[in-house]
Amino acid sequence: MSSNFLCALLILAFLESGKSNSDVSISHSRDGDGQNITCVLSGDENMTQINWEMLRGPNRTKLGTYHPYFGTYINAEYKTKVKIQNKTSPHQSSSLLIKVASKESVHICCAFITFPSGKLEQCTDISKKDVGINASTIKDFTYMEQKPKLGLFGRMGAIIIGTILSLFILTILFYLCRNNNCRRMKSFEIRTYGTDSPSETHAEESDDAPTSQSSPNGFDPSKLYAKIKKDLFYGRLWKSYQGQPKAWTQEATMNSHCVGESDGLIFCLARPEDYDDVMAISQDIYGGNDYLPHRYHSWMTEPGRVVIIARRDRKLVALESGLVVDGGETVIVEGLRVCPNERGCGLAGVIQTFVDGYIKKVYPNVKTKRLTRGDDPGPEKLSKFTLLARRAVVSLMGNSEGFDSFVSGLKEKLLASDGSNSSHPLVSVKDLDALKALLLDSDLSPRLQLPGNAIIQDWQPLKLMESNLQVLARRNLTWFVDGSGGKPLFMSLHTAPYPIPFNGGSLRFNIDLYGTDTSLAKKALTAHLDSVISEIQGVVVVHIYMHQTLWDDLKQFCDGHDTVKHLRDFWEQLLLEREF
């Protein structure tokens with residue numbers, strides 16, 4: 001008995017020695033008709049993200065997220081009730097202001113995603129009286145001064161001493177446990193083989209063995225109870241019995257949203273909680289112009305959208321998405337990405353094949369696969385598709401402060417032009433019925449020379465049909481058209497600026513121009529830039545997509561400014577299609 005007690009003490013002491021010195025402190029106080037919750041991370045940690053969540057009974061709801069590069073995201077249903085503030089450097093503190101009913105029992109949780117400790121979380125019940133922040137927290141997001149670090153030789157000495165002590169403790173522990181339990185283990189093994197069949201014994205020793213038909217967990221509880229009553233080595237058996245269901249429960253939870261396996265991969269439908277893993281494999285995607293950090297959460301609820309992730313050994317390694325459009329007959333594939341250490345190994349083809357098969361099962365009416373690319377894949381890959389169109393792209397970059405003078409310069413250039421098209425003003429289209437009548441005009445595509453008879457909105461090609469107007473309506477677009485008559489010669493649209501990882505955090509602004517009239521194209525470009533001047537801040541990347549005949553004139557139109565410059569030379573957007 002004393003030996004067992006000593007073993008337990010030694011194990012606890014050994015585990016305690018590895019405890020992290022990092023901690024999260026949380027407090028809340030009333031702020032008018034709302035609650036102000038403050039979280040501070042202490043310890044030597046690298047913080048990568050802060051998640052805020054709300055608990056109402058068994059329900060857990062994500063309120064918002066703060067990322068050092070991608071900024072703050074608040075779920076749409078809480079945008080009027082929640083405000084997140086963060087210390088810009090060194091990202092150790094976060095504060096959330098939320099409006100809830102005064103007597104409502106609500107827990108607010110903040111979770112710091114850190115390295116090396118992983119997820120550090122604390123919760124507070126905001127229905128209780130105000131709680132002061134504990135002594136380890138400094139008010140008003142003051143950065144907590146780190147404890148002095150050991151020098152190189154000090155750290156090496158600590159590591160050596162810790163290693164020696166650990167080996168010494170483990171040696172004593174092994175010696176005591178062996179002397180005390182060796183005979184019992186042998187006795188247990190003899191009784192096990194004498195009372196159980198070989199298959200049942202193997203099932204106890206290996207998690208990978210086939211489970212018994214009598215129980216979903218691989219154990220018959222009645223036999224196990226009899227074994228416990230007969231066997232003196234109670235602790236080992238009971239621990240084994242308790243440990244198995246926990247792992248299987250986790251496996252069942254993961255598999256609840258999984259849809260298949262292939263080539264050593266498990267394919268699952270993406271969920272909001274997969275966001276961190278998806279961002280981890282998205283390094284350098286599209287040269288920092290990646291839209292997915294901003295759109296991932298909206299993809300989770302978008303009608304007709306399928307997002308599938310692939311995992312190998314529980315690690316997320318790939319993602320692809322498809323959006324079903326054209327009344328259910330076409331899928332637009334986008335978002336493909338593979339984790340850096342798996343690129344070039346054929347994994348992209350594996351997930352594409354699986355996603356195609358899954359979409360065929362869920363949407364059996366899909367006949368066409370459509371996509372856009374920003375590079376020329378070469379004749380071999382192009383031979384598998386029909387090339388519907390090429391569009392030229394002008395790319396600009398500058399600070400938001402410089403765009404005011406840049407747009408003013410464009411306006412001056414327009415006034416100095418010959419004015420041959422001054423009778424063609426551009427008008428903004430906000431009325432949905434007017435927009436519907438414009439887009440469903442059968443003569444629109446040949447008149448504006450639309451690429452592949454489609455509208456390509458922010459890389460999503462949509463045929464001009466009524467079902468696709470619902471997709472466009474969800475995009476919060478701004479439209480300008482030639483207002484000189486009932487048959488416009490030019491049309492353009494822009495997507496609201498959104499954050500991207502480029503250059504440590506920037507804004508991306510996409511403008512799509514349709515038509516071949518150079519004068520109207522210059523007017524449209526100026527009008528779109530002018531309409532967002534008050535919304536942009538920091539570094540701004542502008543991509544302008546157009547008919548190839550416009551590229552030279554619009555590039556020259558944007559030349560000659562000190563703060564807004566061309567980001568890339570001539571490049572193209574390709575529209576591809578094939579049978580599905």
# chains A, B, ... in the order shown; residues from 1 in each chain; ligands from 1
$ select_by_dssp --residues "region 335-368 of chain A" --states "alpha helix (DSSP H)" --output "list of chain:residue names"
A:Leu347, A:Ala348, A:Gly349, A:Val350, A:Ile351, A:Gln352, A:Thr353, A:Phe354, A:Val355, A:Asp356, A:Gly357, A:Tyr358, A:Ile359, A:Lys360, A:Lys361, A:Val362
$ residues_around --residues "region 478-494 of chain A" --least-positions-apart "4" --cutoff "7 Å" --atoms "only C-alpha atoms" --output "PDB file with C-alpha atoms, in the first residue's frame"
ATOM      1  CA  SER A 423     -22.924  63.162 -73.857  1.00  0.00           C
ATOM      2  CA  HIS A 424     -22.581  59.747 -72.232  1.00  0.00           C
ATOM      3  CA  PRO A 425     -22.871  60.304 -68.460  1.00  0.00           C
ATOM      4  CA  LEU A 426     -22.475  57.456 -65.983  1.00  0.00           C
ATOM      5  CA  VAL A 427     -25.322  56.861 -63.522  1.00  0.00           C
ATOM      6  CA  SER A 428     -25.476  54.715 -60.400  1.00  0.00           C
ATOM      7  CA  VAL A 429     -28.013  51.866 -60.460  1.00  0.00           C
ATOM      8  CA  ARG A 447     -23.342  44.931 -77.072  1.00  0.00           C
ATOM      9  CA  LEU A 448     -20.876  44.990 -74.142  1.00  0.00           C
ATOM     10  CA  ASN A 510     -11.914  44.911 -57.141  1.00  0.00           C
ATOM     11  CA  ILE A 511     -13.477  46.797 -60.088  1.00  0.00           C
ATOM     12  CA  ASP A 512     -15.043  44.981 -63.073  1.00  0.00           C
ATOM     13  CA  LEU A 513     -15.507  46.944 -66.316  1.00  0.00           C
ATOM     14  CA  TYR A 514     -17.761  45.748 -69.175  1.00  0.00           C
ATOM     15  CA  GLY A 515     -17.689  47.398 -72.580  1.00  0.00           C
ATOM     16  CA  LEU A 520     -16.538  55.503 -70.552  1.00  0.00           C
ATOM     17  CA  ALA A 524     -16.210  54.418 -64.623  1.00  0.00           C
ATOM     18  CA  HIS A 528     -15.657  53.748 -58.502  1.00  0.00           C
TER      19      HIS A 528
END
$ closest_residue --among "A:Tyr498, A:Tyr358, A:Tyr66, A:Trp551" --to "Thr516 (chain A)" --atoms "only C-alpha atoms"
A:Trp551
$ closest_residue --among "A:Ser467, A:Thr563, A:Ser417, A:Gln283" --to "Thr518 (chain A)" --atoms "only C-alpha atoms"
A:Ser417
$ atom_distance --atom1 "CA of Gly560 (chain A)" --atom2 "CA of Pro499 (chain A)"
26.7 Å
$ atom_distance --atom1 "CA of Ser94 (chain A)" --atom2 "CA of Gln35 (chain A)"
13.9 Å
$ closest_residue --among "A:Lys436, A:Lys381, A:His297, A:Lys99" --to "Asp276 (chain A)" --atoms "only C-alpha atoms"
A:His297
$ closest_atom_pairs --of "region 415-529 of chain A" --to "region 321-339 of chain A" --cutoff "7 Å" --atoms "only C-alpha atoms" --output "CSV"
residue,atom,partner,partner_atom,distance
A:Lys463,CA,A:Asp326,CA,6.6
A:Met465,CA,A:Asp326,CA,7.0
A:Ser467,CA,A:Gly327,CA,5.7
A:Asn468,CA,A:Asp326,CA,6.1
$ select_by_dssp --residues "region 439-501 of chain A" --states "strand (DSSP E or B)" --output "MDAnalysis selection string"
chainID A and resid 454:457 460:463 477:482 491:495 498:500
$ write_last_selection --atoms "C-alpha atoms" --output "PDB file, in the first residue's frame"
ATOM      1  CA  ALA A 454     -21.221  36.096 -68.286  1.00  0.00           C
ATOM      2  CA  ILE A 455     -20.710  38.642 -65.531  1.00  0.00           C
ATOM      3  CA  ILE A 456     -17.450  37.872 -63.678  1.00  0.00           C
ATOM      4  CA  GLN A 457     -17.951  39.397 -60.260  1.00  0.00           C
ATOM      5  CA  GLN A 460     -17.099  34.365 -59.883  1.00  0.00           C
ATOM      6  CA  PRO A 461     -18.483  33.937 -63.443  1.00  0.00           C
ATOM      7  CA  LEU A 462     -22.299  34.075 -63.543  1.00  0.00           C
ATOM      8  CA  LYS A 463     -24.506  33.635 -66.584  1.00  0.00           C
ATOM      9  CA  LEU A 477     -22.170  45.599 -55.129  1.00  0.00           C
ATOM     10  CA  THR A 478     -22.051  49.154 -56.507  1.00  0.00           C
ATOM     11  CA  TRP A 479     -23.108  49.512 -60.170  1.00  0.00           C
ATOM     12  CA  PHE A 480     -22.546  52.273 -62.761  1.00  0.00           C
ATOM     13  CA  VAL A 481     -23.986  52.238 -66.308  1.00  0.00           C
ATOM     14  CA  ASP A 482     -23.938  54.455 -69.353  1.00  0.00           C
ATOM     15  CA  MET A 491     -21.487  48.832 -67.385  1.00  0.00           C
ATOM     16  CA  SER A 492     -19.250  48.430 -64.330  1.00  0.00           C
ATOM     17  CA  LEU A 493     -19.397  47.248 -60.730  1.00  0.00           C
ATOM     18  CA  HIS A 494     -17.183  47.044 -57.666  1.00  0.00           C
ATOM     19  CA  THR A 495     -17.000  44.867 -54.567  1.00  0.00           C
ATOM     20  CA  TYR A 498     -12.124  43.911 -47.776  1.00  0.00           C
ATOM     21  CA  PRO A 499      -8.999  42.957 -45.755  1.00  0.00           C
ATOM     22  CA  ILE A 500      -6.281  40.650 -47.113  1.00  0.00           C
TER      23      ILE A 500
END
$ residues_around --residues "Gly34 (chain A)" --least-positions-apart "5" --cutoff "8 Å" --atoms "only C-alpha atoms" --output "NGL selection string"
:A and (97-100)
$ write_last_selection --atoms "N, CA, C and O atoms" --output "PDB file, in the first residue's frame"
ATOM      1  N   LEU A  97     -17.257  44.741 -25.507  1.00  0.00           N
ATOM      2  CA  LEU A  97     -18.421  45.453 -24.966  1.00  0.00           C
ATOM      3  C   LEU A  97     -19.665  44.823 -25.571  1.00  0.00           C
ATOM      4  O   LEU A  97     -19.806  44.766 -26.794  1.00  0.00           O
ATOM      5  N   ILE A  98     -20.571  44.306 -24.727  1.00  0.00           N
ATOM      6  CA  ILE A  98     -21.768  43.611 -25.214  1.00  0.00           C
ATOM      7  C   ILE A  98     -22.991  44.108 -24.462  1.00  0.00           C
ATOM      8  O   ILE A  98     -22.921  44.421 -23.269  1.00  0.00           O
ATOM      9  N   LYS A  99     -24.104  44.207 -25.186  1.00  0.00           N
ATOM     10  CA  LYS A  99     -25.381  44.607 -24.601  1.00  0.00           C
ATOM     11  C   LYS A  99     -26.256  43.375 -24.439  1.00  0.00           C
ATOM     12  O   LYS A  99     -26.577  42.707 -25.415  1.00  0.00           O
ATOM     13  N   VAL A 100     -26.616  43.054 -23.183  1.00  0.00           N
ATOM     14  CA  VAL A 100     -27.517  41.937 -22.892  1.00  0.00           C
ATOM     15  C   VAL A 100     -28.523  42.380 -21.841  1.00  0.00           C
ATOM     16  O   VAL A 100     -28.348  43.395 -21.172  1.00  0.00           O
TER      17      VAL A 100
END
$ closest_residue --among "A:Val366, A:Cys345, A:Ala434, A:Val355" --to "Cys268 (chain A)" --atoms "only C-alpha atoms"
A:Val355
$ closest_residue --among "A:Leu472, A:Tyr291, A:Pro340, A:Leu438" --to "Phe509 (chain A)" --atoms "only C-alpha atoms"
A:Tyr291
$ atom_distance --atom1 "CA of Asp431 (chain A)" --atom2 "CA of Ala496 (chain A)"
18.0 Å
$ residues_around --residues "Leu265 (chain A)" --least-positions-apart "2" --cutoff "10 Å" --atoms "only C-alpha atoms" --output "list in words"
Gly260, Glu261, Ser262, Asp263, Phe267, Cys268, Ile309, Ala310, Arg311, Arg312, Asp313, Arg314, Lys315, Leu316, Val317, Ala318, Leu347, Val350 and Ile351 of chain A
$ closest_residue --among "A:Gln556, A:Tyr69, A:Leu576, A:Arg56" --to "Lys413 (chain A)" --atoms "only C-alpha atoms"
A:Gln556
$ residues_around --residues "Thr38 (chain A)" --least-positions-apart "3" --cutoff "6 Å" --atoms "only C-alpha atoms" --output "ChimeraX atom specification"
/A:26-27,95
$ write_last_selection --atoms "all heavy atoms" --output "PDB file, in the first residue's frame"
ATOM      1  N   ILE A  26      -9.551  37.378 -16.571  1.00  0.00           N
ATOM      2  CA  ILE A  26     -10.776  37.954 -17.137  1.00  0.00           C
ATOM      3  C   ILE A  26     -11.527  38.713 -16.056  1.00  0.00           C
ATOM      4  O   ILE A  26     -11.553  38.306 -14.895  1.00  0.00           O
ATOM      5  CB  ILE A  26     -11.670  36.850 -17.762  1.00  0.00           C
ATOM      6  CG1 ILE A  26     -12.832  37.471 -18.523  1.00  0.00           C
ATOM      7  CG2 ILE A  26     -12.146  35.857 -16.736  1.00  0.00           C
ATOM      8  CD1 ILE A  26     -13.598  36.478 -19.382  1.00  0.00           C
ATOM      9  N   SER A  27     -12.090  39.834 -16.421  1.00  0.00           N
ATOM     10  CA  SER A  27     -12.923  40.618 -15.504  1.00  0.00           C
ATOM     11  C   SER A  27     -14.019  41.284 -16.306  1.00  0.00           C
ATOM     12  O   SER A  27     -13.947  41.384 -17.532  1.00  0.00           O
ATOM     13  CB  SER A  27     -12.082  41.666 -14.774  1.00  0.00           C
ATOM     14  OG  SER A  27     -11.652  42.664 -15.685  1.00  0.00           O
ATOM     15  N   SER A  95     -10.644  43.518 -25.210  1.00  0.00           N
ATOM     16  CA  SER A  95     -11.818  43.954 -24.459  1.00  0.00           C
ATOM     17  C   SER A  95     -13.040  43.840 -25.342  1.00  0.00           C
ATOM     18  O   SER A  95     -12.987  44.136 -26.538  1.00  0.00           O
ATOM     19  CB  SER A  95     -11.635  45.407 -23.998  1.00  0.00           C
ATOM     20  OG  SER A  95     -12.806  45.863 -23.333  1.00  0.00           O
TER      21      SER A  95
END
